[in-house]
2 protein chains.
Amino acid sequence: MSDLLERLRERGWRLTAQRRVVAEVLNGDHVHLTADEVHARAADRLPEISRATVYNTLGELVSLGEIIEVSTDGRAKRYDPNAHRPHHHLVCSRCGTIRDVHPGGNPLDDLPAGERFGFTVSDVEVTYRGVCPECAAA
Amino acid sequence: MSDLLERLRERGWRLTAQRRVVAEVLNGDHVHLTADEVHARAADRLPEISRATVYNTLGELVSLGEIIEVSTDGRAKRYDPNAHRPHHHLVCSRCGTIRDVHPGGNPLDDLPAGERFGFTVSDVEVTYRGVCPECAAA
DNA sequence: TCCTACAATGGACTTTGTCCAAGTCAATAT
DNA sequence: ATATTGACTTGGACAAAGTCCATTGTAGGA
Ligand SMILES: [Mn+2]
Ligand SMILES: [Mn+2]
Ligand SMILES: [Zn+2]
Ligand SMILES: [Zn+2]
């Protein structure tokens, strides 16, 4: 959504050149970039931007609920700008490609009270794993 | 299950003192330890065991399908000896406590073909998040 | 234009994990 | 019981991902 910057301004977010380029890099709903990938793309537009600033900015956007942190591979976390429509992920075990998926049903309904151990369960994260068509062909 | 060592021997696994203590530490189905936690507990019994050996051994046990790697927090991976009964995890967002859960239904059934993008989907991992009773009380 | 609270910087530091050359040892054969 | 040997272990160097902080810069209001 290109009104991300708009929303941030409305929230009183101090708008700097660095924050602007990070937000621009994250524009588009179908990217799942690591912090270093965000930094690299941001540095194309603003070469002097630091890694620390990218980490800070990503952390703030997560706190604001504008992006979501996903860790599908136990390595670097990825940052997902598709925070508006709830969804899950389908990951290729070979190449790591990530796709957004919107399964039917609500997995929360599958967790009976007896299996909740007194937790107040608020969220569920589902990761489907498999092999993508490209990797299957190769 | 305490026949882990038994099964490993049957598979022709070369049994060393180091591998034995790692397997013993992982004994019991309800632990979800990080590699460093495994190392610390193993070192209680065998002080000279090295980090590299713990990592090697955990990696082998994962390959053998005797334990499962889980990364619920995007930080250190945890090693789960409950590889026999398929299950998912319920994680406290405050303290990180992890519980095994066995939800009803199969989430794979909730992912229609139109949402599979040509992937051959073989596995699904579900993480429920919430607040545990202890953290809620505090 | 000036001020100042907030933001950016870069480098040190931490955590988590991998890799390797050299030494050690479990299991087998004699 | 001993020798043999390929597999295992070790410690330390290295790497990737992320955090922290003192210093410097600046966005936005007065
Ligand atoms: Mn996504
Ligand atoms: Mn478990
Ligand atoms: Zn693939
Ligand atoms: Zn808790």
# chains A, B, ... in the order shown; residues from 1 in each chain; ligands from 1
>>> closest_atom_pairs(of="chain A", to="ligand 3", cutoff="9 Å", atoms="only C-alpha atoms and all ligand atoms", output="tab-separated table")
residue	atom	partner	partner_atom_place_in_ligand_line	distance
A:Val91	CA	ligand 3	1 (Zn)	8.0
A:Cys92	CA	ligand 3	1 (Zn)	4.7
A:Ser93	CA	ligand 3	1 (Zn)	6.6
A:Arg94	CA	ligand 3	1 (Zn)	4.9
A:Cys95	CA	ligand 3	1 (Zn)	4.0
A:Gly96	CA	ligand 3	1 (Zn)	6.1
A:Thr97	CA	ligand 3	1 (Zn)	5.8
A:Ile98	CA	ligand 3	1 (Zn)	8.9
A:Gly130	CA	ligand 3	1 (Zn)	8.4
A:Val131	CA	ligand 3	1 (Zn)	5.5
A:Cys132	CA	ligand 3	1 (Zn)	4.3
A:Pro133	CA	ligand 3	1 (Zn)	6.8
A:Glu134	CA	ligand 3	1 (Zn)	5.8
A:Cys135	CA	ligand 3	1 (Zn)	4.3
A:Ala136	CA	ligand 3	1 (Zn)	7.3
>>> interface_residues(of="chain B", to="chain C", cutoff="8 Å", atoms="only C-alpha atoms (C1' of nucleotides)", output="list of chain:residue names")
B:Arg14, B:Leu15, B:Thr16, B:Arg75, B:Ala76
>>> select_by_dssp(residues="chain B", states="helix (DSSP H, G or I)", output="NGL selection string")
:B and (4-10 or 17-25 or 35-45 or 51-63 or 107-110 or 113-115 or 133-137)
>>> interface_residues(of="chain B", to="chain D", cutoff="12 Å", atoms="only C-alpha atoms (C1' of nucleotides)", output="list in words")
Trp13, Arg14, Leu15, Thr16, Ala17, Gln18, Arg19, Glu48, Ile49, Ser50, Arg51, Ala52, Thr53, Val54, Tyr55, Asn56, Thr57, Gly74, Arg75 and Ala76 of chain B
>>> closest_atom_pairs(of="chain B", to="ligand 2", cutoff="10 Å", atoms="only C-alpha atoms and all ligand atoms", output="JSON lines")
{"residue": "B:Asp29", "atom": "CA", "partner": "ligand 2", "partner_atom_place_in_ligand_line": "1 (Mn)", "distance": 7.5}
{"residue": "B:His30", "atom": "CA", "partner": "ligand 2", "partner_atom_place_in_ligand_line": "1 (Mn)", "distance": 6.4}
{"residue": "B:Val31", "atom": "CA", "partner": "ligand 2", "partner_atom_place_in_ligand_line": "1 (Mn)", "distance": 7.2}
{"residue": "B:His32", "atom": "CA", "partner": "ligand 2", "partner_atom_place_in_ligand_line": "1 (Mn)", "distance": 6.5}
{"residue": "B:Ile67", "atom": "CA", "partner": "ligand 2", "partner_atom_place_in_ligand_line": "1 (Mn)", "distance": 9.6}
{"residue": "B:Ile68", "atom": "CA", "partner": "ligand 2", "partner_atom_place_in_ligand_line": "1 (Mn)", "distance": 8.1}
{"residue": "B:Glu69", "atom": "CA", "partner": "ligand 2", "partner_atom_place_in_ligand_line": "1 (Mn)", "distance": 9.2}
{"residue": "B:Val70", "atom": "CA", "partner": "ligand 2", "partner_atom_place_in_ligand_line": "1 (Mn)", "distance": 8.0}
{"residue": "B:Arg78", "atom": "CA", "partner": "ligand 2", "partner_atom_place_in_ligand_line": "1 (Mn)", "distance": 9.3}
{"residue": "B:Tyr79", "atom": "CA", "partner": "ligand 2", "partner_atom_place_in_ligand_line": "1 (Mn)", "distance": 8.3}
{"residue": "B:Asp80", "atom": "CA", "partner": "ligand 2", "partner_atom_place_in_ligand_line": "1 (Mn)", "distance": 5.3}
{"residue": "B:Pro81", "atom": "CA", "partner": "ligand 2", "partner_atom_place_in_ligand_line": "1 (Mn)", "distance": 7.4}
{"residue": "B:Asn82", "atom": "CA", "partner": "ligand 2", "partner_atom_place_in_ligand_line": "1 (Mn)", "distance": 5.8}
{"residue": "B:Ala83", "atom": "CA", "partner": "ligand 2", "partner_atom_place_in_ligand_line": "1 (Mn)", "distance": 7.9}
{"residue": "B:Arg85", "atom": "CA", "partner": "ligand 2", "partner_atom_place_in_ligand_line": "1 (Mn)", "distance": 9.2}
{"residue": "B:Pro86", "atom": "CA", "partner": "ligand 2", "partner_atom_place_in_ligand_line": "1 (Mn)", "distance": 8.6}
{"residue": "B:His87", "atom": "CA", "partner": "ligand 2", "partner_atom_place_in_ligand_line": "1 (Mn)", "distance": 6.6}
{"residue": "B:His88", "atom": "CA", "partner": "ligand 2", "partner_atom_place_in_ligand_line": "1 (Mn)", "distance": 6.5}
{"residue": "B:His89", "atom": "CA", "partner": "ligand 2", "partner_atom_place_in_ligand_line": "1 (Mn)", "distance": 6.1}
{"residue": "B:Leu90", "atom": "CA", "partner": "ligand 2", "partner_atom_place_in_ligand_line": "1 (Mn)", "distance": 9.0}
{"residue": "B:Ile98", "atom": "CA", "partner": "ligand 2", "partner_atom_place_in_ligand_line": "1 (Mn)", "distance": 7.6}
{"residue": "B:Arg99", "atom": "CA", "partner": "ligand 2", "partner_atom_place_in_ligand_line": "1 (Mn)", "distance": 6.6}
{"residue": "B:Asp100", "atom": "CA", "partner": "ligand 2", "partner_atom_place_in_ligand_line": "1 (Mn)", "distance": 4.7}
{"residue": "B:Val101", "atom": "CA", "partner": "ligand 2", "partner_atom_place_in_ligand_line": "1 (Mn)", "distance": 7.8}
{"residue": "B:His102", "atom": "CA", "partner": "ligand 2", "partner_atom_place_in_ligand_line": "1 (Mn)", "distance": 9.9}
>>> write_last_selection(atoms="N, CA and C atoms", output="CSV table (one decimal), in the first residue's frame")
chain,number,residue,atom,x,y,z
B,29,ASP,N,10.2,-36.1,26.9
B,29,ASP,CA,9.5,-35.6,25.7
B,29,ASP,C,9.1,-34.1,25.8
B,30,HIS,N,9.3,-33.5,26.9
B,30,HIS,CA,8.7,-32.2,27.1
B,30,HIS,C,9.7,-31.1,27.2
B,31,VAL,N,10.9,-31.3,26.8
B,31,VAL,CA,11.9,-30.3,26.8
B,31,VAL,C,12.1,-29.7,25.4
B,32,HIS,N,12.4,-28.4,25.4
B,32,HIS,CA,12.7,-27.7,24.1
B,32,HIS,C,13.9,-26.8,24.4
B,67,ILE,N,15.1,-36.3,16.6
B,67,ILE,CA,14.6,-35.0,17.3
B,67,ILE,C,14.2,-34.0,16.2
B,68,ILE,N,13.5,-33.0,16.6
B,68,ILE,CA,13.0,-32.0,15.7
B,68,ILE,C,13.5,-30.6,16.0
B,69,GLU,N,13.9,-29.9,15.0
B,69,GLU,CA,14.4,-28.5,15.2
B,69,GLU,C,13.2,-27.6,15.2
B,70,VAL,N,13.0,-26.7,16.2
B,70,VAL,CA,11.9,-25.8,16.2
B,70,VAL,C,12.5,-24.4,16.4
B,78,ARG,N,15.5,-24.5,18.9
B,78,ARG,CA,15.4,-25.5,20.0
B,78,ARG,C,15.2,-26.9,19.5
B,79,TYR,N,15.6,-27.8,20.3
B,79,TYR,CA,15.6,-29.2,19.9
B,79,TYR,C,14.6,-30.0,20.7
B,80,ASP,N,13.7,-30.7,20.0
B,80,ASP,CA,12.6,-31.3,20.5
B,80,ASP,C,12.6,-32.8,20.4
B,81,PRO,N,12.8,-33.5,21.5
B,81,PRO,CA,12.9,-35.0,21.4
B,81,PRO,C,11.6,-35.7,21.1
B,82,ASN,N,10.5,-34.9,21.1
B,82,ASN,CA,9.2,-35.6,20.8
B,82,ASN,C,9.0,-35.6,19.3
B,83,ALA,N,9.7,-36.5,18.7
B,83,ALA,CA,9.6,-36.6,17.2
B,83,ALA,C,8.7,-37.7,16.9
B,85,ARG,N,5.4,-38.4,18.2
B,85,ARG,CA,4.0,-38.0,18.0
B,85,ARG,C,3.9,-36.6,17.4
B,86,PRO,N,3.3,-36.5,16.2
B,86,PRO,CA,3.3,-35.1,15.6
B,86,PRO,C,2.5,-34.2,16.5
B,87,HIS,N,3.0,-33.0,16.6
B,87,HIS,CA,2.3,-32.0,17.4
B,87,HIS,C,2.7,-30.6,17.0
B,88,HIS,N,2.1,-29.6,17.6
B,88,HIS,CA,2.4,-28.3,17.4
B,88,HIS,C,2.8,-27.6,18.7
B,89,HIS,N,3.0,-26.3,18.6
B,89,HIS,CA,3.5,-25.6,19.8
B,89,HIS,C,2.6,-24.4,20.2
B,90,LEU,N,2.6,-24.2,21.5
B,90,LEU,CA,1.9,-23.1,22.1
B,90,LEU,C,3.0,-22.3,22.9
B,98,ILE,N,7.2,-22.9,26.2
B,98,ILE,CA,6.7,-23.7,25.1
B,98,ILE,C,6.0,-24.9,25.6
B,99,ARG,N,4.7,-25.2,25.1
B,99,ARG,CA,4.0,-26.4,25.4
B,99,ARG,C,3.7,-27.1,24.1
B,100,ASP,N,3.7,-28.4,24.2
B,100,ASP,CA,3.2,-29.2,23.1
B,100,ASP,C,1.7,-29.2,23.1
B,101,VAL,N,1.1,-29.1,21.9
B,101,VAL,CA,-0.3,-29.2,21.7
B,101,VAL,C,-0.7,-30.1,20.6
B,102,HIS,N,-1.8,-30.7,20.7
B,102,HIS,CA,-2.3,-31.6,19.6
B,102,HIS,C,-3.6,-31.2,19.2
>>> interface_residues(of="chain B", to="chain A", cutoff="8 Å", atoms="only C-alpha atoms", output="ChimeraX atom specification")
/B:71,73-77,90,92,101-105,107-108,110-112,115-133
>>> write_last_selection(atoms="N, CA and C atoms", output="compact mmCIF listing (two decimals), in the first residue's frame")
# COMPACT_ATOMS: atom_id res chain seq x y z
N SER B 71 12.01 -23.39 15.68
CA SER B 71 12.43 -22.03 15.99
C SER B 71 11.20 -21.17 16.18
N ASP B 73 11.02 -18.39 18.14
CA ASP B 73 11.23 -17.00 18.51
C ASP B 73 12.18 -16.25 17.59
N GLY B 74 12.63 -16.89 16.53
CA GLY B 74 13.56 -16.22 15.65
C GLY B 74 14.93 -16.03 16.27
N ARG B 75 15.13 -16.63 17.45
CA ARG B 75 16.45 -16.58 18.04
C ARG B 75 17.07 -17.96 17.92
N ALA B 76 17.58 -18.51 19.01
CA ALA B 76 18.22 -19.81 18.91
C ALA B 76 17.20 -20.91 18.60
N LYS B 77 17.60 -21.84 17.77
CA LYS B 77 16.76 -22.99 17.50
C LYS B 77 16.66 -23.84 18.75
N LEU B 90 2.56 -24.19 21.54
CA LEU B 90 1.89 -23.05 22.13
C LEU B 90 2.95 -22.29 22.91
N CYS B 92 4.36 -18.81 25.02
CA CYS B 92 4.00 -17.60 25.76
C CYS B 92 4.81 -16.42 25.21
N VAL B 101 1.13 -29.06 21.88
CA VAL B 101 -0.32 -29.16 21.75
C VAL B 101 -0.67 -30.07 20.57
N HIS B 102 -1.83 -30.69 20.68
CA HIS B 102 -2.28 -31.61 19.64
C HIS B 102 -3.65 -31.17 19.16
N PRO B 103 -3.69 -30.19 18.28
CA PRO B 103 -4.98 -29.68 17.81
C PRO B 103 -5.70 -30.74 16.98
N GLY B 104 -7.02 -30.62 16.93
CA GLY B 104 -7.78 -31.48 16.05
C GLY B 104 -7.69 -30.97 14.62
N GLY B 105 -8.10 -31.79 13.68
CA GLY B 105 -8.12 -31.35 12.29
C GLY B 105 -6.74 -31.32 11.67
N PRO B 107 -4.50 -28.95 9.22
CA PRO B 107 -4.46 -27.65 8.55
C PRO B 107 -4.19 -27.78 7.05
N LEU B 108 -3.60 -28.90 6.65
CA LEU B 108 -3.36 -29.09 5.22
C LEU B 108 -4.68 -29.07 4.45
N ASP B 110 -7.08 -27.24 4.99
CA ASP B 110 -7.58 -25.87 4.87
C ASP B 110 -6.91 -25.10 3.74
N LEU B 111 -5.94 -25.73 3.08
CA LEU B 111 -5.23 -25.02 2.02
C LEU B 111 -5.68 -25.54 0.66
N PRO B 112 -6.63 -24.87 0.04
CA PRO B 112 -7.18 -25.36 -1.23
C PRO B 112 -6.12 -25.35 -2.33
N GLU B 115 -4.68 -22.26 -3.70
CA GLU B 115 -3.76 -21.48 -2.86
C GLU B 115 -2.41 -22.17 -2.72
N ARG B 116 -2.16 -23.16 -3.57
CA ARG B 116 -0.91 -23.90 -3.41
C ARG B 116 0.16 -23.52 -4.42
N PHE B 117 -0.19 -22.73 -5.42
CA PHE B 117 0.77 -22.19 -6.37
C PHE B 117 1.65 -23.27 -6.99
N GLY B 118 1.09 -24.45 -7.18
CA GLY B 118 1.86 -25.52 -7.81
C GLY B 118 2.85 -26.21 -6.89
N PHE B 119 2.91 -25.78 -5.63
CA PHE B 119 3.80 -26.44 -4.67
C PHE B 119 3.32 -27.85 -4.36
N THR B 120 4.25 -28.74 -4.07
CA THR B 120 3.94 -30.00 -3.46
C THR B 120 4.07 -29.81 -1.96
N VAL B 121 2.96 -29.63 -1.29
CA VAL B 121 3.01 -29.30 0.13
C VAL B 121 3.10 -30.57 0.95
N SER B 122 4.11 -30.64 1.80
CA SER B 122 4.33 -31.89 2.51
C SER B 122 4.20 -31.75 4.02
N ASP B 123 4.24 -30.54 4.50
CA ASP B 123 4.29 -30.40 5.95
C ASP B 123 3.70 -29.06 6.36
N VAL B 124 3.23 -29.01 7.58
CA VAL B 124 2.72 -27.75 8.09
C VAL B 124 3.10 -27.63 9.56
N GLU B 125 3.45 -26.42 9.92
CA GLU B 125 3.95 -26.13 11.25
C GLU B 125 3.06 -25.03 11.82
N VAL B 126 2.52 -25.28 13.00
CA VAL B 126 1.59 -24.30 13.57
C VAL B 126 2.13 -23.82 14.91
N THR B 127 2.17 -22.53 15.09
CA THR B 127 2.59 -21.97 16.37
C THR B 127 1.49 -21.08 16.92
N TYR B 128 0.94 -21.50 18.04
CA TYR B 128 -0.05 -20.67 18.73
C TYR B 128 0.68 -19.74 19.68
N ARG B 129 0.24 -18.50 19.76
CA ARG B 129 0.88 -17.55 20.67
C ARG B 129 -0.14 -16.96 21.62
N GLY B 130 0.30 -16.75 22.85
CA GLY B 130 -0.59 -16.18 23.83
C GLY B 130 0.17 -15.90 25.10
N VAL B 131 -0.57 -15.76 26.19
CA VAL B 131 0.05 -15.48 27.48
C VAL B 131 -0.25 -16.62 28.43
N CYS B 132 0.79 -17.14 29.06
CA CYS B 132 0.62 -18.29 29.95
C CYS B 132 0.00 -17.82 31.27
N PRO B 133 -0.58 -18.75 32.04
CA PRO B 133 -1.25 -18.38 33.29
C PRO B 133 -0.31 -17.65 34.26
>>> atom_distance(atom1="CA of Arg9 (chain A)", atom2="CA of His84 (chain A)")
17.8 Å
>>> select_by_dssp(residues="chain B", states="strand (DSSP E or B)", output="list in words")
Leu33, Thr34, Ile68, Glu69, Val70, Arg78, Tyr79, Asp80, His88, His89, Leu90, Val91, Cys92, Ile98, Arg99, Asp100, Val101, Thr120, Val121, Ser122, Asp123, Val124, Glu125, Val126, Thr127, Tyr128, Arg129, Gly130 and Val131 of chain B
>>> write_last_selection(atoms="C-alpha atoms", output="PDB file, in the first residue's frame")
ATOM      1  CA  LEU B  33      16.285 -26.791  24.794  1.00  0.00           C
ATOM      2  CA  THR B  34      18.608 -24.587  22.797  1.00  0.00           C
ATOM      3  CA  ILE B  68      13.028 -32.009  15.670  1.00  0.00           C
ATOM      4  CA  GLU B  69      14.355 -28.509  15.212  1.00  0.00           C
ATOM      5  CA  VAL B  70      11.922 -25.764  16.189  1.00  0.00           C
ATOM      6  CA  ARG B  78      15.372 -25.454  20.006  1.00  0.00           C
ATOM      7  CA  TYR B  79      15.629 -29.218  19.882  1.00  0.00           C
ATOM      8  CA  ASP B  80      12.561 -31.294  20.543  1.00  0.00           C
ATOM      9  CA  HIS B  88       2.410 -28.251  17.374  1.00  0.00           C
ATOM     10  CA  HIS B  89       3.451 -25.583  19.847  1.00  0.00           C
ATOM     11  CA  LEU B  90       1.890 -23.051  22.135  1.00  0.00           C
ATOM     12  CA  VAL B  91       4.288 -20.275  23.084  1.00  0.00           C
ATOM     13  CA  CYS B  92       4.004 -17.596  25.756  1.00  0.00           C
ATOM     14  CA  ILE B  98       6.677 -23.697  25.103  1.00  0.00           C
ATOM     15  CA  ARG B  99       4.018 -26.390  25.430  1.00  0.00           C
ATOM     16  CA  ASP B 100       3.221 -29.228  23.103  1.00  0.00           C
ATOM     17  CA  VAL B 101      -0.321 -29.162  21.746  1.00  0.00           C
ATOM     18  CA  THR B 120       3.935 -30.005  -3.455  1.00  0.00           C
ATOM     19  CA  VAL B 121       3.009 -29.296   0.132  1.00  0.00           C
ATOM     20  CA  SER B 122       4.326 -31.889   2.511  1.00  0.00           C
ATOM     21  CA  ASP B 123       4.291 -30.402   5.948  1.00  0.00           C
ATOM     22  CA  VAL B 124       2.724 -27.746   8.092  1.00  0.00           C
ATOM     23  CA  GLU B 125       3.954 -26.127  11.251  1.00  0.00           C
ATOM     24  CA  VAL B 126       1.591 -24.305  13.568  1.00  0.00           C
ATOM     25  CA  THR B 127       2.593 -21.972  16.370  1.00  0.00           C
ATOM     26  CA  TYR B 128      -0.048 -20.673  18.729  1.00  0.00           C
ATOM     27  CA  ARG B 129       0.876 -17.550  20.670  1.00  0.00           C
ATOM     28  CA  GLY B 130      -0.586 -16.176  23.832  1.00  0.00           C
ATOM     29  CA  VAL B 131       0.054 -15.477  27.478  1.00  0.00           C
TER      30      VAL B 131
END
>>> atom_distance(atom1="CA of Glu24 (chain B)", atom2="CA of Val62 (chain B)")
15.3 Å
>>> atom_distance(atom1="CA of Asp36 (chain B)", atom2="CA of Glu66 (chain B)")
18.8 Å
